[in-house]
Each structure stands twice: as C-alpha cells, then as structure tokens.
Amino acid sequence: MNSTVQNIIMPRDLLAAYRPPAVGHDEAIGADGTIRPQWHAFSQAFGAIPLEEQAQRQERLRRLVAENGIAHDLFAEPGSRQPWSVDLIPIMISAAEWAVLERGLIQRVQLCDMMVNDFYGAQTLLRSGRVPPRLVFSDPAFLRACREPKNTAHLINFFAADLIRDASGEWRIIDVHAETPAGVGFALANRLLHGQLMGDVFRDCRAVRLASHFQQIQTELLQRIERDDPLITLLTPGPQHEDYFSHAYLSRYLGFQLVEGGDLRVIGSRVYMKTLEGLKPIDLMIRCVEGSHCDPLELDPNGFAGPVGLVQALRRNPRLMMNFLGSSIVENRGLAPLLPDISRALLGQDLVLQDTHRRWLGDMESRVYVFAHPERFVIRHAHEGTGRPGRAEIGIMLETLTPKALDALRFELDVNGQDYVAEERSDSAYAPSWTADGLTSRRFAMRLFVVGIDGDYRVMPGGLAMSLDGTPGVAMSARDGHSRDVWIASDDEVMPPHITLMRPAAEVARVLRAGIGLRSRIADNLYWLGRYCERADWVMRLMRGALSRSEDSGAVPIGAGGRRALELILSKDQPPSSQGIGHDPNAVEQSVRLLMTAPGRSHSLPGLESNMLRVGSIVRERLSLEVWQTLLRFSNIASPQANDLSDSVKLLDRLNAGIVTLASLNGLTAENMTRNYGWRFTDIGRRLERAYNLAELLLALFGEVRREDDETARLFFVLNVADSTITFRQRYLFAPILSLVLDLLMVDEANPRGIGFQLCAITDHLQALPQASPHAPHNEEQRLILELLTKVRLAKVASLEHADASGQRVELQELLGTLISGLPKLSEAITRRYFNLTEEELRRVYTRFGSHS
Amino acid sequence: MNFEISHRTTYRYSAPVSQSHHVLHLTPRSHYRQTVSRHSLLIDPAPASKAEMIDDFGNPVSLIAIEQDHRELLIHSRAQVEVFAPMHIDTSRTASWNDVAATLRANLGPETFEAIQYSCPSRFIRPSRDIHKFARASFVEGRPMLEAVQDLTARIYRDFKYESGATDAATSVEEVLRIRRGVCQDFAHLEIACLRTMGLAARYVSGYLLTYPPAGQPKLIGADASHAWVSVWSPEIGWVDFDPTNNMIPGEEHIAIAIGRDFQDVSPVSGVLLGGGEHEVEVAVDVNPVNGWAGAMR
C-alpha cells in the first residue's frame, strides 16, 4: 500500500476500509455492514494513528515479543518450535456480552469442581449412569490413588476454557483446562507488552485492567495460609516443558517461587524446599505439572515431576496443593454431551454456555452415527492435556482416510472407543487482523481464565486469543502462534484505580521479601552461568588475539602465542581437530571458524551459547529482564551463520560484538543483581573460571624458555587477552618482560584480570556463604582456597622466571600446576557442599511375580 | 486349608541409599473364601514413617519411608491364612459371554458398577487387534462365558512356555503374545487383556501357591514364589478365578494377597530410592500348611 496516499486520506475510522469475510460471523462488522458498538471506540482511537506509526508500533511489538522470549521455546526441536506474535488489534468484548461469559464460566467451573468432587468421592454420577463409568475409569487422568470419599473442599482453583463463536454468533466452549493455570502467563505477558504500545488506545476504549485481578489472587493466597512468613511455590516440570515461559512469568509476576520436583522433599505430611540453608517447609504449591507425573511412588511410575511421597503428604494435608491432583479428569471431552443433564442434576440450572457439538465414541450408537456421516466429523482424543496455548491437535478427518486406514480406525474405535470423541466440523468467527497491507480477517479462538480461592470464583477480565489454522475442526490450533489480547469494555463511568503488581501494597511486599531461601538447584545453575559466560568471553578474546596480526604499538608478531592458545582450546574437546596450527594464517582462521560454528563442544561458541541459555532459563526467575535480553542477544551473535564468517574482518566484527555483549551482561549482573547468595555463586563461577583459564594459558606459553622475540610476542598476546595491556603500559614504559607480566597477572591482587584478584574474591564469597556450623574452623573449600592464595602470595616472581639447564621454568610450572589441579578440586568441594541436595538421581525398583520359580 | 506364609524381600545396594519410599502390598486381604488371622511386617532399618491404609481396590497397603543411610533393606512379611474351597461350577451352564458384555455396558446396579472398572484399559493392558485375534478363537458367538474363559486359559497354558528371564517387568502383552513365553505375571496380563478386549471384566490377583516337595524329600526353605492369576466377573456367580500358568481354577492352595487392574496396582514391593547405585533383590517365600504336610498331601 502506498503510504503517501494513506497520509493524505488518513482514515479517521480504522474499520472503514476493512472487508469482513463474505460468510460467517465477523467480530467487528455486523451482518448489516455496520461496525458493532463495542468496536466503535477502538476503531476511532486506533484509526487516528497514522498508518506509518501503526507499522512502527507493530514492529516494536514484534521486537518486544522476541526480547521477552515468549517465542523462545528453549528445548523444542528447531523445526517444532512455535513462533509467537501479538496482533496490534485485540478482540473487543462488550460489557453486556462479558457479563454472560463471566456467568457461563463461573457456572462451568462450579460444575467441574462438583464433578471432580463426585468422581473422587461418592461417585454418584457414575453409579447412576449420568456419566458412563467407563469414560472416567479408562482415562489415565483419573488417579485412583487420589480417591478421597470424604472430600468437601473446592478442588479446582485455577481453571480456563477455550471458546469459539460459531456461525450463529453463539459462544461455545471447545475445551476446558482444570489441571494447571493453563498458560495464563502468556495472556499476562501479551497484555504487558501490548500495553506498552497500545496503552493510549486501551485508555480511550475504557477497557478493564488485569492488575487488580492478580493482586486479589496474591492477597487471598497469602491470607489463606495461617502462617506469618509463608512460602508459596509454583511447581513446574522445568524448562523443557513447552509451557515453561508461562510458569516462569506467572511466578515472577505473583512473586512466588518457581520450583521443580527435584527441589522438593517430602517428610511425613510436609513438603520441603531444598535451599542453601537447609530444608524450608512449603505452605502452598500451585501445580503447573500434570497430576499423574507428580509422585512416582503412587502415580505414574515414570513421572518424576513432583516429589516422591507427595500423594501421601496430600492425604494428610490436602490444602498444600492447588489444583487437586486428579482434577484433570473433567477435561475429558467425552463429558461435553452430558453436561446439560449434569448441570440440571447438580446445580439445578441450564447451561449458560454450550459446548461445541461432540459425541463420545465409547458409545456404540455414536460410533455408528459418526461412520454414517463421515463428512461431518473430526475424530480427536478424548483427553489431550494442556500444553502451550495454540498447540491442540487438530484430529483426524474421516473423509480424508484411505479405506485401509478407515478400517484400522474403525477397529480401534470398536475396542478403545472410550479414548476418542467425534466433533462436528463448524466454522468459527473472524476478527480483523493488522498487516502492513491493510486489515485482513482471521478466524480465532480465545482462552479465558478463572481463579477461585476456596470456591470464590472470578474471571480474569481479559484473555488470550489465537488465530486458528485453516482447519475445519474446532481445535485451538495455531501453529504460527499468532495471538491477540482480549479487551473487555468497561461500563463503569469511573475507571478503577491503576494498580500494578510491580508496586504491590506494603503489607504484601513485606511478606514477599521475607524468608525465601536460595534453592540448591538455582545456586548450582547460577554458578555455571558465571562459568560459561566467563569461558565464552575468554575463548572469544583468545580468538580475537590470534586473529590480530600484530600488536598496534609496533610490528611485533604475536602469532605464536595466538596459535598456541588456539591449540589449547581445540584440545579441550575430543577428538582434537588439529594437531598443530603451524604458521599458515589460513589455519588460524579455519580454527577460529570451527570454534565459532561447531555445536556441542565444551569450548566452541555454539556449545557455550546453548549451555548459557540452558542454565539461564533455569535461573530465569532470578535474572532481570535486561540480563535475559542480553543473553538472547549474545545467543544471536553466537549462533552459527556461516555467511557472516567469510573473512577475518567479519570474524573479528562478530567476536567484537560478542565480547561487548558479554561485557554488558557482566556489567548488568554487577550493577543490577542483589548482593545475595545467588550473585555470589555467579561471581564464584566467573572468578574460578578466569583464574583457571589464565593459569592454563600462562603454563602453555611460558612453561619453557623461548627465543626472545617469540617470548615477547607471547607476552604481548597474553597481556592483550587478559585485557591488561594498558595497565602494563601505565606502569612500565617498555616492552613487556616475563617477571613483570607475571607480577601483574598472578600476584598483583589489584588487577581485576589477574589470578590473585580472583582468588581473593572467591575467598570473600566463601566466607559470606552459609556455613554448616559457625564454629567450624575451616571447611574443605575454605582450606583449598587458602592454600592456593597463600602459594600465589608467597611466590617470588624472580624465581618463577628462572629456568633450569634444559629450559624448564620448574617453579612456574609447579605453581601453575597447583592452580590447575587445585581449582577443579575447589569447584568439586563447592558442588558437594552446596549443590549436592539435587545431585542424586531417583530410581524406581519393583519386585515381580514368579521371579524365581 | 490353613497356611503359614513367610515372604522375605531383601534389597542390597552397592552404594548407600539416603532416602527411600516404598509401597507394600504384602498384607493378604480377606475375602469370601479366605480369612487372614494374623499378619506381621518386619522392616529393617526401621522406617521413619509408616502408614497403613486400604487402597481403592480394597487391598491393605503399607507406605513406608526410610530416612537413614542404608545398604540393605529387609522386608519380612508373615501371615496365617485360611482358604476355603470354591464351590463347583459347571462352566457350560453359565450365561453367554455376549450377554455378560452387554450387562457390563448397561451399568445396572452396584455390582455391575464395581465390575466395570476392571473392564477398562489400565497401564499395562490395552486392547489391540492382535490380542483380539488371539482371544476370538475361544469366544465364538453365544458360548457360555466361563466355558470360553476355561478354553482361553487352557490355550495360554498349552501355547506358551513358562520361562524365567524371557520377559521383564516392562514387557508388553503384545510382546508376550509374539514370543509365546513368560512367567505367571505375563500370562495373567495376557488373559486379562483378552477378556477385556471381549468386553468382559477381569482383574489381576497376586498371591502365593502351595508347592509340594519332591516325593520323599524335605521341602527346601524359600523355594516358593509369589504367584499371579486372574479373576473374571460373572453376573451369576461373582468373581471366578482362573490360573493360566497352571491351567486350573484355583482352589484351596492359591492364597490371594491383593487384587487390582494389573501388576502396577498390586506389586508386592515397589519403591523409589535416592542413591544406591546398583541393586540386587532376593525374594524368599515359604508356604506351609499349619497342620503339617500330612494333611496337605492328597
């Protein structure tokens, strides 16, 4: 579209140019061609924004989404990664329509709550046949170990429903989520990012804010616990889960701890979190893990996402977890056709919101009917579980099957029909979507979220809408991850006060600050984040040094030092890819290119990058947004893109960019990380890695006496890599000599790149960490660091320089050797003391029947 | 017949186990033809916590947690159980299997309701085409159900070889069907899968079987084993046991411990450990008639 034309006829009304689809319901434009009332305000406010600025906003939104890592599905195969984008245009819901949706959702969650209670309790619905027992008993989500006939509590606290609007304009529920908070973190992240770009339009539309909803959750959860200093956690399966972003985001927003099964331990009826200071009792776990994976002892024997013994702890202390472990049973799609009847029986009400047309195929009549009308149905699993929003399976279209496949399916349905449903294909409504070429219409579904602490249910005034794939079923399947915010028009004259959780009420803040210990696993990963960052920095500096042909002061070649350093790095991974680099400048470039592109190596950039992202995502809740964004930026730089590495200039450019990004990462950690134990572990990791790398390089370069020019070149190289050239020049106005360089890089405790400095810093950190006993004189790791530091302090640089008759610098070799063997021992000692609570693996044992007859 | 049973399970670990949790299905349950008069459970090292409960299938269960370093775990269960003979059944005069399957589908009354849960798939048992094909040969239309089950039991006994080591705890029913070998656990799983595929209700019974020493020799201590068989639901009679490993209807010499949908529900000792390295397990079972062997010999 020609933007100058747009500027002349600036559309005061956005939707004037919008063409809704010829058939089907459109959200914005009615059948009579006029704009629906709830879109008026949006259309005017957004239409007043010049097209160019709209484009800028959409682009900035795209960048924000990328930087926040919503789309960064870390452990997914590259091909199966779901992208994520947010449309500038939200879905508008009128206050009147919202009232109906709210009523319908609250009715639905109440109904589900009563069904869960019945299935795990008296089973009246099953005995009476209102719900076929086979439907419940066949579903692996029905957890027999969780039967609790006397239960009267509310078992569902977090709930969500996916809805579409059908061709007649009625909202219909296509799925419910009763297991976990079901991706509410995505909705929240979308709102916060979208709000940064569309805040003005949002205000003009008088849409309802989310913050007070979450604040209410936070306050109610804290009030529910009768202890002053409560520990509330979100239990997540970990970063490899596709919904992890949502878990991490929600836990940060609410200020609760994100924990994994391995962080927990059950003793009696209590669940504890393993921290550096020992075990801390948990008061409440918000479950983001599939129920069946929560306890390998009594549930799925291969599910290790929860602590062993959890089921038994919950029997004695059921208020410890929400939602109730077996709650996912009501997600079974086969229940849909039964709901009108169940609602009348349990609530004495008709359903406010109907489900999409579905048949449960455990029913023989349904199977016969479906095969008689194959063109109308899609076959789907009765129970799919909740993953990342937009990832529902689309199901099997009967029409498309070959006779052979149809026959196989018919047999499967005859014997296992209870595991499937048939859904009537139907159209869903369209909504305008922003593109640079004007508005287009896209089909959508939306997920709405309900929270109820002890039965007092409230619907989150917003939601997560996603554009649907062009499939004829009704699954919430959005492979391109195109999402939208959902705005609820307020009918209040006065807007509620602007609240954000970033500025919580004083009493909430007090509670959240207190008593949160650092988890051993987090400490472990923060330590490794420090080590990997430093290692990446070091490797890049070595490569940069090796590529620079000469030191800028004079024409002194530093090639020999660089080549030796590269050989050292290349030898870290087996098989060593180079015997010796020799004098061929191409070989240097090739080695650098290898280190910059080869994945899976401990000292190559892609290998380091993936390790940094892995540990970074585990500790993400501890990292500020800027740190995380910088990590992602580094990840971009360090990802292999062969085209960018064609010559040494491009290699150098990329190395420089990487070094600068890591420097800013270090700066951010130094400036922005609270000086708590977490920061100390990151810093210990960095210091230890730095000291080790430098010791190793010094030994490789100066262990033996060389020709004078060679040694000078090596000295220039090591000063360059250790970023100490300027310091050296300021002190000594002549070319480097070994004794002075060793003094600067080893003994001098004021040089932040030197070994002495690193050892002093580690000593300080270790003294500040929690001790097993305050009276213990020196524990293992403190003894080790004292030994190393003392050796370095007592060293005489003059004798370090001294070589024996065969040219070996024996004292230097000994000292550096002590460091090279001592520092890994120190690392092991720290691991043993602080991280080991999470080290051991759980294993499953059985005895079999007839094992020896 | 009255029995004294001793069931010792010993785990030995190559490295210390710092924490372990176990679920024990070792206390025999009482039912209409079995009375448990005494039971004791000795556990060494002593558990930090121990809970007794009845699970959703009506079995007594013990949950134990050990919180101290140990390299060996001994669980010794001892029981005295009296078993009564089942009444004689004329299998050819029972309702047709088609009618029983229809009764289960209709879900009429509490008894049917209890049975339905054992007609559904479970972790180890899910109907498939191959299983259906195998089962079908015994289930011709309209055949009396128990006669068909008896025929199926005999076929498993005849066509499958008892062989320890051919399978393990994770072997699927399909695999057993393919290799035609296994132990009592595998044969029970296969028979249950066949019955459920035909729309019938069948459960897994864990227990013990009295074994006789060779003529003229004393019985070796610890020579018995835990055993497993199946139970099928008949609307007229209730639950009727079949033992595919021995091709028989269990009588006074089968002593039941627990009942479930499959092995997973009733595994005698199952646990999760922290640490431990390699482990080996030794199981020693002794089943002896209280009144001596003279009374038992027939």
# chains A, B, ... in the order shown; residues from 1 in each chain; ligands from 1

$ closest_atom_pairs --of "chain B" --to "chain A" --cutoff "7 Å" --atoms "only C-alpha atoms" --output "tab-separated table"
residue	atom	partner	partner_atom	distance
B:Ser49	CA	A:Gly268	CA	6.7
B:Asp56	CA	A:Arg144	CA	6.4
B:Asn107	CA	A:Gly129	CA	6.8
B:Pro110	CA	A:Arg127	CA	6.9
B:Phe113	CA	A:Arg127	CA	6.4
B:Ile116	CA	A:Arg134	CA	6.9
B:Gln117	CA	A:Phe137	CA	5.8
B:Cys120	CA	A:Ser138	CA	5.3
B:Pro121	CA	A:Ser138	CA	5.7
B:Pro127	CA	A:Val415	CA	6.3
B:Ser164	CA	A:Ser851	CA	6.9
B:Ala169	CA	A:Arg848	CA	6.5
B:Val183	CA	A:Gly850	CA	6.2
B:Cys184	CA	A:Gly850	CA	6.0
B:Gln185	CA	A:Phe849	CA	5.8
B:Thr197	CA	A:Val415	CA	6.4
B:Asp224	CA	A:Ser853	CA	6.9
B:Ala225	CA	A:Gly850	CA	5.7
B:Ser226	CA	A:Phe849	CA	5.4
B:His227	CA	A:Gly850	CA	5.4
B:Ala228	CA	A:Phe849	CA	6.5
B:Ser267	CA	A:Thr847	CA	6.8
B:Pro268	CA	A:Thr847	CA	6.5
B:Val269	CA	A:Thr847	CA	5.7
B:Ser270	CA	A:Tyr846	CA	4.4
B:Gly271	CA	A:Val845	CA	5.3
B:Val272	CA	A:Arg844	CA	4.6
B:Leu273	CA	A:Arg843	CA	5.2
B:Leu274	CA	A:Leu842	CA	4.9
B:Gly275	CA	A:Glu840	CA	5.9

$ select_by_dssp --residues "range 20-245 of chain B" --states "strand (DSSP E or B)" --output "count of residues only"
77

$ residues_around --residues "Trp679 in chain A" --least-positions-apart "3" --cutoff "9 Å" --atoms "only C-alpha atoms" --output "list in words"
Ala523, Leu526, Tyr527, Thr669, Ala670, Met673, Thr674, Arg675, Asn676, Thr682, Asp683 and Ile684 of chain A

$ select_by_dssp --residues "range 58-161 of chain B" --states "alpha helix (DSSP H)" --output "ChimeraX atom specification"
/B:97-106,109-116,129-136,145-159

$ write_last_selection --atoms "C-alpha atoms" --output "PDB file, in the first residue's frame"
ATOM      1  CA  TRP B  97     -20.136 -64.041  27.082  1.00  0.00           C
ATOM      2  CA  ASN B  98     -22.065 -61.735  24.751  1.00  0.00           C
ATOM      3  CA  ASP B  99     -24.756 -61.281  27.385  1.00  0.00           C
ATOM      4  CA  VAL B 100     -22.210 -60.602  30.114  1.00  0.00           C
ATOM      5  CA  ALA B 101     -20.527 -57.965  27.956  1.00  0.00           C
ATOM      6  CA  ALA B 102     -23.940 -56.379  27.320  1.00  0.00           C
ATOM      7  CA  THR B 103     -24.707 -56.347  31.057  1.00  0.00           C
ATOM      8  CA  LEU B 104     -21.443 -54.529  31.715  1.00  0.00           C
ATOM      9  CA  ARG B 105     -22.189 -51.977  29.015  1.00  0.00           C
ATOM     10  CA  ALA B 106     -25.599 -51.318  30.530  1.00  0.00           C
ATOM     11  CA  GLY B 109     -26.746 -51.800  39.748  1.00  0.00           C
ATOM     12  CA  PRO B 110     -23.839 -51.556  42.180  1.00  0.00           C
ATOM     13  CA  GLU B 111     -22.403 -54.986  41.415  1.00  0.00           C
ATOM     14  CA  THR B 112     -22.037 -54.260  37.732  1.00  0.00           C
ATOM     15  CA  PHE B 113     -20.613 -50.857  38.594  1.00  0.00           C
ATOM     16  CA  GLU B 114     -17.837 -52.467  40.669  1.00  0.00           C
ATOM     17  CA  ALA B 115     -17.069 -54.830  37.803  1.00  0.00           C
ATOM     18  CA  ILE B 116     -16.935 -52.156  35.088  1.00  0.00           C
ATOM     19  CA  ARG B 129      -6.033 -56.091  17.144  1.00  0.00           C
ATOM     20  CA  ASP B 130      -3.550 -58.922  17.808  1.00  0.00           C
ATOM     21  CA  ILE B 131      -4.971 -59.609  21.230  1.00  0.00           C
ATOM     22  CA  HIS B 132      -8.473 -59.589  19.814  1.00  0.00           C
ATOM     23  CA  LYS B 133      -7.450 -62.040  17.142  1.00  0.00           C
ATOM     24  CA  PHE B 134      -5.925 -64.396  19.698  1.00  0.00           C
ATOM     25  CA  ALA B 135      -8.877 -64.168  22.091  1.00  0.00           C
ATOM     26  CA  ARG B 136     -11.538 -64.511  19.417  1.00  0.00           C
ATOM     27  CA  MET B 145     -18.687 -67.255  29.219  1.00  0.00           C
ATOM     28  CA  LEU B 146     -16.902 -69.438  31.770  1.00  0.00           C
ATOM     29  CA  GLU B 147     -16.503 -72.209  29.237  1.00  0.00           C
ATOM     30  CA  ALA B 148     -14.851 -69.743  26.892  1.00  0.00           C
ATOM     31  CA  VAL B 149     -12.586 -68.482  29.674  1.00  0.00           C
ATOM     32  CA  GLN B 150     -11.642 -72.040  30.554  1.00  0.00           C
ATOM     33  CA  ASP B 151     -10.762 -72.671  26.928  1.00  0.00           C
ATOM     34  CA  LEU B 152      -8.686 -69.466  26.762  1.00  0.00           C
ATOM     35  CA  THR B 153      -6.871 -70.444  29.973  1.00  0.00           C
ATOM     36  CA  ALA B 154      -6.051 -73.852  28.524  1.00  0.00           C
ATOM     37  CA  ARG B 155      -4.763 -72.325  25.284  1.00  0.00           C
ATOM     38  CA  ILE B 156      -2.420 -69.969  27.112  1.00  0.00           C
ATOM     39  CA  TYR B 157      -1.173 -72.910  29.174  1.00  0.00           C
ATOM     40  CA  ARG B 158      -0.681 -75.036  26.077  1.00  0.00           C
ATOM     41  CA  ASP B 159       0.721 -72.489  23.614  1.00  0.00           C
TER      42      ASP B 159
END

$ residues_around --residues "Arg178 in chain B" --least-positions-apart "4" --cutoff "12 Å" --atoms "only C-alpha atoms" --output "list in words"
Asp130, Ile131, Phe134, Asp159, Phe160, Lys161, Ala166, Thr167, Thr171, Ser172, Val173, Glu174, Gly182, Asp186 and Leu190 of chain B

$ residues_around --residues "Asp26 in chain A" --least-positions-apart "5" --cutoff "6 Å" --atoms "only C-alpha atoms" --output "PyMOL selection string"
chain A and resi 429-431

$ residues_around --residues "Arg564 in chain A" --least-positions-apart "2" --cutoff "12 Å" --atoms "only C-alpha atoms" --output "PyMOL selection string"
chain A and resi 542-543+545-546+558-562+566-571+578-583+588+591+696-702+710+713-714+717-718

$ residues_around --residues "range 165-179 of chain A" --least-positions-apart "2" --cutoff "6 Å" --atoms "only C-alpha atoms" --output "JSON, numbers by chain"
{"A": [24, 25, 159, 160, 161, 162, 163, 327, 328, 331, 354, 355, 356, 427, 428, 429]}
